[in-house]
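A short worksheet on the structure shown next.
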Amino acid sequence: MRLTPLVQLVAHVGPSGEVEYEAEGDDPQFRVDPELGIHALVPGWYLVDIVVKAVDGDIQRPCLYPDYGGGCSEATRIPLPPPGPDGRIRGMVVISRPLRALRFDPSIRPARFKAGAMAFRRITRARALWILPQGAEASRGGEPPTVAGFARRLRMFLGEVRGQGLSAAVDDLVHRYYGASRHASGGYPLWLDHFDPLKGAGLERARVQAGQYANGPLISVVLPVYDTPLPFLRRCIDSVREQTYQNWELCIADDASPDPRIEECLRAYAHEDVRIKVVVREQNGHISLATNSALAMVTGSHVAFLDHDDELSPDALHQVVLALAEHPQARLLYSDEDKIDAMGHRFQPHFKPGWNPELLRSQNYICHLMVVETNLLAQVGVLRTGFEGSQDHDLVLRCTEVLAPEQICHIPRVLYHWRAIEGSTALGGEQKSYASEAGRRAVSEHLQRIRRAGEVEIVSPGCYRTRLALPASAPKVSVIIPTRDRADLLSICVRSVLEKTEYPDFDIVVVDNGSLDPDARLLLKELRKTPRVQVLDYPIPFNFSAIVNHGVRQASGDVLCLLNNDTEVINPSWLHELAARAMQRDAGAIGAMLYYPDDTIQHAGVVLGLGGVAGHIHTRMGRGAPGYMARAWVAQNMSAVTAACLVVRKSVFEEVGGFDEALPVAFNDIDFCLRVLQAGYRNVWTPYAELYHHESASRGNEDSPDKQARFAAEVHAMKWRWGDALHDDPAYNPNLTLDQGDYGLAFPPRSPKLRVAGIPTRH
């Protein structure tokens, strides 16, 4: 393979004729030209080998971008393992379709390096299946695998084949292999090293930029203090004094700390800096009263909340002021955060979604840094006693009840460092168990104020489940099941619904798309005689959207449940959970937790842009695992959910025009969910309605030229209709990857633009 520099690469030829390349930016690119032409790389499995040896700087996140006809994109990106000590990159790649072009991106950072020849060697499928399970170690050319280890992995793989089919099982292996290469290239410390905007000269640039806002709004930082270890207290206060933005005041309330050095320290800071105000309470009143004492000294237009051993990022207040300048209507702002240990090492970033009211009822995801307009506090009241440990959750719930969504602004930058030391809730909510009970009561009272009937339970420390109540007369639900042949699947699905569903009023509408299999026809004949079951014949060329719409037209329920014929009900309360959520006045599409038969997650919500258009999140994570920031444990707003199990009021379905029949197979549920958002409703995913899903078992995989062409056309249609909406999912974060659904870090992050609630627009 010949490497031809495309962009951000300069070739330097030495006296001996040796070439060194200089990457001048964070996206250097080579075109890969096989000696025999690009068509010599026929679809199949290959071992790739190249030496990329750094002379100055580091080689980070090398990857290939195949162009199958639609250009290079993140959807087809192939991550390569990092170079070994000798600079050699060895990995396995699969070329899935005939290539138009191939690109090699050696690094994501400026560097100077030597590049040897790139070679591809074709291997058999059997060899590929030997290598794939080895993950990152095999991709780096590690020790050969053992026969015993291979036998164990083979048994696991065969189990996956039985559960989901050969093609899907191999796809999963490939994704895990690529994911291992991606994770081997570094975690959060490396991400910070590359993308922290304050690294190196970035901090000085930030100071210059912040200086342009000398007459900006006064930000009041409130700081309740109690018996804080002095080194951490000093670091906390110094992090405010070191802000690039200077128009602030620091209002400190000492809650009668028994250590006299605390007051001495605070008085000394107040003497040094007139912007620091200190009050010492005569008796200990806990966090709420202490914070209120600090709030009583506030004179600024906005209040930023800071805990006594945490730290602000140097540009935290400047970023808040920039956000207010861009969105002057914002009255509540929050940022991303991470944790910091006693040695100052940062870890475990929390990259948050935009405004997500259902998630806020499930956990206080807003947390730090939170900035509130002072007038808003006057409107809703200050911190309430009796909610200690979750006083901030109670406050933010009360604030959001009086705000319009566009008045809440998310700043997708890490502006707050939460100290993780012994006894800190940063190490886990179990450190202060009383906080969870206070949070439960805060959410319960919030539901009462917004007139939403339900009971709140503690799922785990800091995580809550709301069991919403149905109306006095439960609405009828029509469960619509499209099907064709596959009597084995349909029988399990219908039987599980009939036998395992506690919901009082439902019927089943089976829409048969021209079954020819004798067993299927016999089963359909039996179902026609089954109480609660209606069978509709609809023998058209397969069009999932048209089949669904036909079933809805014949359905008598006020609530619709779209259910694939390859699903199986697990928990009896599944339909109660989905229908109760669908009956909320602002509810759109409601999605469920779906598992593969091996009890790994198949669907825990959909993220826009993942894999190109949209993809499932938390896939292949084990059943019961918390997921990213416990989001697999709690209900939350998502931009989209799969139609494999989707519940929606019939009136909402009809209002948005049902499923678009121009999308016959792929993305029709995503398009539907986006139109539901556009109509002003909120889509919700809940983990408390659980089903098994044998994904696409009744239709097979996209493995023929006709199917692939149709899929490409549907991808193009979605990007043309919803292009901008697919770039930044408000339920996700631009600092998280779109390569895989594992909430991994994005290398590099996408544009960190401010995020306020908006309605997706369709071209």
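Simple scheme: letters A, B, ... for chains in structure tokens order, numbers from 1 for residues in each chain, numbers from 1 for ligands in the order shown.
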Members of segment 156-367 of chain A assigned alpha helix (DSSP H) by DSSP, as a PyMOL selection string: chain A and resi 156-164+166-184+188-195+202-211+230-241+260-272+286-295+316-326+357-362
Can you check which parts of segment 592-691 of chain A lie within 7 Å of segment 742-761 of chain A? Per residue, the shortest pair of atoms and distance in Å to one decimal, counting only C-alpha atoms, sorted by chain and number, as a Markdown table.
| residue | atom | partner | partner_atom | distance |
| --- | --- | --- | --- | --- |
| A:Ile617 | CA | A:Asp742 | CA | 6.4 |
| A:His618 | CA | A:Asp742 | CA | 5.2 |
| A:Tyr628 | CA | A:Tyr743 | CA | 6.5 |
| A:Leu674 | CA | A:Pro760 | CA | 6.9 |
| A:Leu677 | CA | A:Ile759 | CA | 6.6 |
| A:Gln678 | CA | A:Ile759 | CA | 5.3 |
Using only C-alpha atoms, the best pick from A:Val170, A:Ala604, A:Ala666, A:Met583 as closest to Gly627 of chain A would be A:Ala604
Could you tell me how far atom CA of Val606 of chain A lies from atom CA of Val641 of chain A, in Å and to one decimal? 5.3 Å
Please give the complete set of residues from segment 438-598 of chain A that DSSP, run on the backbone, assigns to strand (DSSP E or B), formatted as a PyMOL selection string. chain A and resi 454-460+463-468+477-483+506-512+533-537+559-563+567-569+587-595
Name the residues in contact with Met1 of chain A at a cut-off of 12 Å, using only C-alpha atoms, excluding same-chain residues fewer than 4 positions from it; report them as JSON, numbers by chain. {"A": [30, 31, 32, 33, 34, 35, 36, 37, 38, 40, 41, 48, 49, 50, 102, 103, 104, 115, 116, 117, 118, 119, 120, 121]}
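Distance check against Leu594 of chain A using only C-alpha atoms: of A:Leu691, A:Leu536, A:Ala582, A:Leu376, the minimum falls on A:Leu691.
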Nearby residues (only C-alpha atoms) at most 10 Å from Phe672 of chain A, same-chain spacing under 3 positions excluded, as a list in words: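 Everything that qualifies: Ser545, Ala589, Ala640, Val641, Ala643, Phe653, Val656, Gly657, Gly658, Phe659, Asp660, Phe667, Asn668, Asp669, Arg675, Val676, Leu677 and Gln678 of chain A.
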Can you write just those residues out, C-alpha atoms, as an mmCIF file, in the first residue's frame?
data_model
loop_
_atom_site.group_PDB
_atom_site.id
_atom_site.type_symbol
_atom_site.label_atom_id
_atom_site.label_comp_id
_atom_site.auth_asym_id
_atom_site.auth_seq_id
_atom_site.Cartn_x
_atom_site.Cartn_y
_atom_site.Cartn_z
ATOM 1 C CA SER A 545 -44.395 1.212 8.345
ATOM 2 C CA ALA A 589 -43.201 7.355 22.612
ATOM 3 C CA ALA A 640 -35.870 7.890 20.294
ATOM 4 C CA VAL A 641 -36.731 4.317 21.260
ATOM 5 C CA ALA A 643 -40.439 0.120 17.730
ATOM 6 C CA PHE A 653 -49.756 8.508 16.773
ATOM 7 C CA VAL A 656 -47.965 13.040 13.806
ATOM 8 C CA GLY A 657 -49.237 10.980 10.865
ATOM 9 C CA GLY A 658 -48.145 7.520 11.976
ATOM 10 C CA PHE A 659 -45.124 5.743 10.526
ATOM 11 C CA ASP A 660 -43.677 7.074 7.260
ATOM 12 C CA PHE A 667 -35.227 4.080 10.850
ATOM 13 C CA ASN A 668 -39.010 4.405 10.566
ATOM 14 C CA ASP A 669 -39.229 4.286 14.371
ATOM 15 C CA ARG A 675 -41.768 13.800 14.691
ATOM 16 C CA VAL A 676 -43.249 13.130 18.132
ATOM 17 C CA LEU A 677 -40.595 15.421 19.651
ATOM 18 C CA GLN A 678 -41.338 17.987 16.958
#
Who sits within 7 Å of segment 377-388 of chain A, only C-alpha atoms, same chain under 5 positions skipped, as a ChimeraX atom specification: /A:287-289,292,395,398-399,435,438
Can you write just those residues out, all heavy atoms, as a PDB file, in the first residue's frame?
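This went into result_37.pdb:
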ATOM      1  N   ILE A 287     -26.265  21.407  56.384  1.00  0.00           N
ATOM      2  CA  ILE A 287     -25.935  21.988  55.083  1.00  0.00           C
ATOM      3  C   ILE A 287     -26.966  23.006  54.595  1.00  0.00           C
ATOM      4  O   ILE A 287     -26.613  24.039  54.035  1.00  0.00           O
ATOM      5  CB  ILE A 287     -25.743  20.857  54.040  1.00  0.00           C
ATOM      6  CG1 ILE A 287     -25.325  21.405  52.689  1.00  0.00           C
ATOM      7  CG2 ILE A 287     -26.992  20.007  53.914  1.00  0.00           C
ATOM      8  CD1 ILE A 287     -23.937  21.961  52.656  1.00  0.00           C
ATOM      9  N   SER A 288     -28.250  22.755  54.801  1.00  0.00           N
ATOM     10  CA  SER A 288     -29.270  23.665  54.271  1.00  0.00           C
ATOM     11  C   SER A 288     -29.204  25.028  54.959  1.00  0.00           C
ATOM     12  O   SER A 288     -29.157  26.071  54.290  1.00  0.00           O
ATOM     13  CB  SER A 288     -30.666  23.059  54.430  1.00  0.00           C
ATOM     14  OG  SER A 288     -30.806  21.900  53.635  1.00  0.00           O
ATOM     15  N   LEU A 289     -29.205  25.058  56.288  1.00  0.00           N
ATOM     16  CA  LEU A 289     -29.155  26.330  57.001  1.00  0.00           C
ATOM     17  C   LEU A 289     -27.836  27.045  56.764  1.00  0.00           C
ATOM     18  O   LEU A 289     -27.801  28.283  56.643  1.00  0.00           O
ATOM     19  CB  LEU A 289     -29.380  26.106  58.497  1.00  0.00           C
ATOM     20  CG  LEU A 289     -30.806  25.708  58.909  1.00  0.00           C
ATOM     21  CD1 LEU A 289     -30.882  25.499  60.412  1.00  0.00           C
ATOM     22  CD2 LEU A 289     -31.813  26.781  58.471  1.00  0.00           C
ATOM     23  N   ASN A 292     -28.019  28.619  53.379  1.00  0.00           N
ATOM     24  CA  ASN A 292     -28.913  29.779  53.431  1.00  0.00           C
ATOM     25  C   ASN A 292     -28.233  30.975  54.094  1.00  0.00           C
ATOM     26  O   ASN A 292     -28.484  32.130  53.720  1.00  0.00           O
ATOM     27  CB  ASN A 292     -30.198  29.424  54.176  1.00  0.00           C
ATOM     28  CG  ASN A 292     -31.068  28.455  53.385  1.00  0.00           C
ATOM     29  OD1 ASN A 292     -30.872  28.275  52.175  1.00  0.00           O
ATOM     30  ND2 ASN A 292     -32.012  27.817  54.057  1.00  0.00           N
ATOM     31  N   LEU A 395     -33.945  21.539  45.580  1.00  0.00           N
ATOM     32  CA  LEU A 395     -33.942  22.908  45.052  1.00  0.00           C
ATOM     33  C   LEU A 395     -34.091  22.925  43.539  1.00  0.00           C
ATOM     34  O   LEU A 395     -34.902  23.687  42.990  1.00  0.00           O
ATOM     35  CB  LEU A 395     -32.654  23.621  45.455  1.00  0.00           C
ATOM     36  CG  LEU A 395     -32.471  25.024  44.859  1.00  0.00           C
ATOM     37  CD1 LEU A 395     -33.573  25.960  45.330  1.00  0.00           C
ATOM     38  CD2 LEU A 395     -31.089  25.580  45.212  1.00  0.00           C
ATOM     39  N   ARG A 398     -37.597  22.188  42.395  1.00  0.00           N
ATOM     40  CA  ARG A 398     -38.503  23.327  42.576  1.00  0.00           C
ATOM     41  C   ARG A 398     -38.229  24.416  41.540  1.00  0.00           C
ATOM     42  O   ARG A 398     -39.170  25.061  41.046  1.00  0.00           O
ATOM     43  CB  ARG A 398     -38.367  23.892  43.996  1.00  0.00           C
ATOM     44  CG  ARG A 398     -38.974  22.972  45.054  1.00  0.00           C
ATOM     45  CD  ARG A 398     -38.950  23.596  46.434  1.00  0.00           C
ATOM     46  NE  ARG A 398     -37.628  23.564  47.052  1.00  0.00           N
ATOM     47  CZ  ARG A 398     -36.955  24.626  47.460  1.00  0.00           C
ATOM     48  NH1 ARG A 398     -37.484  25.836  47.304  1.00  0.00           N
ATOM     49  NH2 ARG A 398     -35.783  24.506  48.029  1.00  0.00           N
ATOM     50  N   CYS A 399     -36.973  24.607  41.186  1.00  0.00           N
ATOM     51  CA  CYS A 399     -36.638  25.613  40.171  1.00  0.00           C
ATOM     52  C   CYS A 399     -37.217  25.233  38.809  1.00  0.00           C
ATOM     53  O   CYS A 399     -37.839  26.061  38.127  1.00  0.00           O
ATOM     54  CB  CYS A 399     -35.122  25.767  40.057  1.00  0.00           C
ATOM     55  SG  CYS A 399     -34.334  26.650  41.424  1.00  0.00           S
ATOM     56  N   ALA A 435     -29.231  10.638  52.683  1.00  0.00           N
ATOM     57  CA  ALA A 435     -29.448  11.487  51.514  1.00  0.00           C
ATOM     58  C   ALA A 435     -30.449  10.859  50.556  1.00  0.00           C
ATOM     59  O   ALA A 435     -31.259  11.560  49.930  1.00  0.00           O
ATOM     60  CB  ALA A 435     -28.122  11.755  50.804  1.00  0.00           C
ATOM     61  N   ALA A 438     -33.962  11.432  51.745  1.00  0.00           N
ATOM     62  CA  ALA A 438     -34.322  12.833  51.506  1.00  0.00           C
ATOM     63  C   ALA A 438     -34.622  13.059  50.028  1.00  0.00           C
ATOM     64  O   ALA A 438     -35.566  13.776  49.672  1.00  0.00           O
ATOM     65  CB  ALA A 438     -33.187  13.746  51.970  1.00  0.00           C
TER      66      ALA A 438
END
Which residues are near Arg235 of chain A? Cut-off 9 Å, only C-alpha atoms, ignore same chain within fewer than 6 positions. Put them as a list in words.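 Result of the neighbour search: Asp309, Asp310 and Glu311 of chain A.
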What's around segment 462-473 of chain A at 10 Å? Count only C-alpha atoms, leave out sequence neighbours fewer than 5 positions away in its own chain, and write the answer as a ChimeraX atom specification. /A:358-365,389-390,393,425,428-430,432-433,435-440,443-444,447,452-457,504-505,576-584,630-631,633-635,686-688
Next, write the just-selected residues to a file, as a compact mmCIF listing (two decimals), in the first residue's frame, keeping N, CA and C atoms as the atom set.
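And here is the file that came out, selection.txt:
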# COMPACT_ATOMS: atom_id res chain seq x y z
N GLU A 358 -37.23 13.70 33.01
CA GLU A 358 -37.47 12.36 33.55
C GLU A 358 -36.24 11.83 34.27
N LEU A 359 -35.06 12.13 33.73
CA LEU A 359 -33.83 11.71 34.41
C LEU A 359 -33.66 12.46 35.72
N LEU A 360 -34.05 13.72 35.77
CA LEU A 360 -33.93 14.49 37.01
C LEU A 360 -34.85 13.93 38.09
N ARG A 361 -35.98 13.37 37.69
CA ARG A 361 -36.85 12.71 38.68
C ARG A 361 -36.27 11.38 39.13
N SER A 362 -35.32 10.85 38.36
CA SER A 362 -34.70 9.57 38.68
C SER A 362 -33.39 9.71 39.44
N GLN A 363 -32.69 10.82 39.22
CA GLN A 363 -31.42 11.08 39.91
C GLN A 363 -31.08 12.56 39.71
N ASN A 364 -30.30 13.11 40.61
CA ASN A 364 -29.90 14.50 40.45
C ASN A 364 -28.70 14.57 39.51
N TYR A 365 -28.98 14.44 38.21
CA TYR A 365 -27.89 14.45 37.25
C TYR A 365 -27.31 15.85 37.07
N GLY A 389 -28.59 16.44 52.52
CA GLY A 389 -28.03 15.36 51.72
C GLY A 389 -28.56 15.34 50.31
N SER A 390 -29.81 15.80 50.13
CA SER A 390 -30.41 15.95 48.80
C SER A 390 -31.05 17.33 48.68
N HIS A 393 -30.96 18.60 45.18
CA HIS A 393 -31.93 17.94 44.31
C HIS A 393 -33.32 18.55 44.52
N THR A 425 -19.67 11.94 49.38
CA THR A 425 -20.66 11.31 48.52
C THR A 425 -20.12 11.13 47.11
N GLY A 428 -19.69 7.63 46.40
CA GLY A 428 -20.91 6.82 46.31
C GLY A 428 -21.95 7.30 47.28
N GLY A 429 -23.23 7.20 46.87
CA GLY A 429 -24.32 7.69 47.71
C GLY A 429 -24.44 6.95 49.03
N GLU A 430 -23.88 5.72 49.11
CA GLU A 430 -23.99 4.97 50.36
C GLU A 430 -23.18 5.62 51.47
N LYS A 432 -23.57 8.52 52.56
CA LYS A 432 -24.54 9.25 53.38
C LYS A 432 -25.92 8.70 53.05
N SER A 433 -26.32 7.63 53.72
CA SER A 433 -27.53 6.92 53.36
C SER A 433 -28.78 7.77 53.56
N ALA A 435 -29.23 10.64 52.68
CA ALA A 435 -29.45 11.49 51.51
C ALA A 435 -30.45 10.86 50.56
N SER A 436 -30.42 9.52 50.41
CA SER A 436 -31.33 8.86 49.48
C SER A 436 -32.78 9.00 49.93
N GLU A 437 -33.03 8.87 51.21
CA GLU A 437 -34.39 9.04 51.71
C GLU A 437 -34.85 10.48 51.51
N ALA A 438 -33.96 11.43 51.75
CA ALA A 438 -34.32 12.83 51.51
C ALA A 438 -34.62 13.06 50.03
N GLY A 439 -33.82 12.43 49.15
CA GLY A 439 -34.07 12.56 47.73
C GLY A 439 -35.39 11.94 47.32
N ARG A 440 -35.72 10.81 47.91
CA ARG A 440 -37.00 10.17 47.60
C ARG A 440 -38.16 11.09 47.96
N VAL A 443 -38.42 14.02 45.42
CA VAL A 443 -39.08 13.65 44.17
C VAL A 443 -40.58 13.43 44.40
N SER A 444 -40.94 12.83 45.52
CA SER A 444 -42.36 12.58 45.82
C SER A 444 -43.13 13.89 45.93
N LEU A 447 -43.62 15.44 42.51
CA LEU A 447 -44.72 14.85 41.76
C LEU A 447 -46.06 15.40 42.21
N ARG A 452 -48.79 14.82 39.33
CA ARG A 452 -48.51 13.55 38.67
C ARG A 452 -48.58 12.45 39.72
N ALA A 453 -49.60 11.62 39.65
CA ALA A 453 -49.84 10.62 40.69
C ALA A 453 -48.85 9.46 40.56
N GLY A 454 -48.20 9.14 41.66
CA GLY A 454 -47.27 8.02 41.64
C GLY A 454 -46.53 7.89 42.96
N GLU A 455 -45.93 6.74 43.17
CA GLU A 455 -45.14 6.48 44.36
C GLU A 455 -43.67 6.37 43.97
N VAL A 456 -42.80 6.88 44.85
CA VAL A 456 -41.37 6.92 44.57
C VAL A 456 -40.65 5.91 45.44
N GLU A 457 -39.77 5.12 44.82
CA GLU A 457 -38.98 4.12 45.52
C GLU A 457 -37.49 4.39 45.29
N PRO A 504 -55.09 -4.82 33.06
CA PRO A 504 -56.48 -5.30 33.07
C PRO A 504 -57.20 -5.25 31.72
N ASP A 505 -56.82 -4.36 30.81
CA ASP A 505 -57.64 -4.17 29.60
C ASP A 505 -56.73 -4.04 28.38
N HIS A 576 -48.30 -2.22 32.33
CA HIS A 576 -48.72 -1.18 33.29
C HIS A 576 -47.68 -0.06 33.30
N GLU A 577 -46.40 -0.42 33.38
CA GLU A 577 -45.33 0.58 33.40
C GLU A 577 -45.37 1.45 32.14
N LEU A 578 -45.50 0.82 30.98
CA LEU A 578 -45.47 1.56 29.72
C LEU A 578 -46.72 2.40 29.51
N ALA A 579 -47.89 1.82 29.81
CA ALA A 579 -49.15 2.54 29.59
C ALA A 579 -49.29 3.71 30.55
N ALA A 580 -48.88 3.52 31.81
CA ALA A 580 -48.98 4.61 32.78
C ALA A 580 -48.12 5.79 32.36
N ARG A 581 -46.95 5.51 31.82
CA ARG A 581 -46.10 6.60 31.34
C ARG A 581 -46.68 7.23 30.08
N ALA A 582 -47.24 6.41 29.20
CA ALA A 582 -47.81 6.95 27.97
C ALA A 582 -49.00 7.86 28.23
N MET A 583 -49.69 7.68 29.37
CA MET A 583 -50.86 8.47 29.66
C MET A 583 -50.54 9.83 30.27
N GLN A 584 -49.27 10.11 30.55
CA GLN A 584 -48.91 11.44 31.05
C GLN A 584 -49.11 12.47 29.94
N ALA A 630 -25.26 5.03 36.20
CA ALA A 630 -26.49 4.33 36.63
C ALA A 630 -27.66 4.59 35.70
N ARG A 631 -27.40 4.99 34.47
CA ARG A 631 -28.51 5.32 33.57
C ARG A 631 -29.23 4.08 33.04
N TRP A 633 -30.31 1.92 35.02
CA TRP A 633 -31.18 1.57 36.15
C TRP A 633 -32.42 2.46 36.24
N VAL A 634 -32.45 3.57 35.51
CA VAL A 634 -33.50 4.56 35.77
C VAL A 634 -34.18 5.01 34.49
N ALA A 635 -35.42 5.46 34.64
CA ALA A 635 -36.17 6.03 33.53
C ALA A 635 -35.59 7.39 33.15
N THR A 686 -37.77 3.36 29.75
CA THR A 686 -37.84 2.87 31.12
C THR A 686 -37.24 1.48 31.21
N PRO A 687 -36.44 1.21 32.25
CA PRO A 687 -35.89 -0.13 32.43
C PRO A 687 -36.83 -1.08 33.15
N TYR A 688 -38.01 -0.60 33.54
CA TYR A 688 -38.90 -1.40 34.40
C TYR A 688 -39.93 -2.18 33.61
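Across the model, the gap from atom CA of Leu489 of chain A to atom CA of Tyr692 of chain A is 11.4 Å.
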Smallest atom-to-atom distance to Leu233 of chain A: which of A:Ile262, A:Gln407, A:Ala679, A:Leu158, using only C-alpha atoms? A:Ile262
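The space separating atom CA of Ile59 of chain A from atom CA of Leu80 of chain A comes to 11.4 Å.
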Of the candidates A:Gly551, A:Pro85, A:Pro98, A:Pro110, which shows the shortest atom-to-atom distance to Leu9 of chain A, using only C-alpha atoms?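 With only C-alpha atoms as the atom set, the closest residue is A:Pro110.
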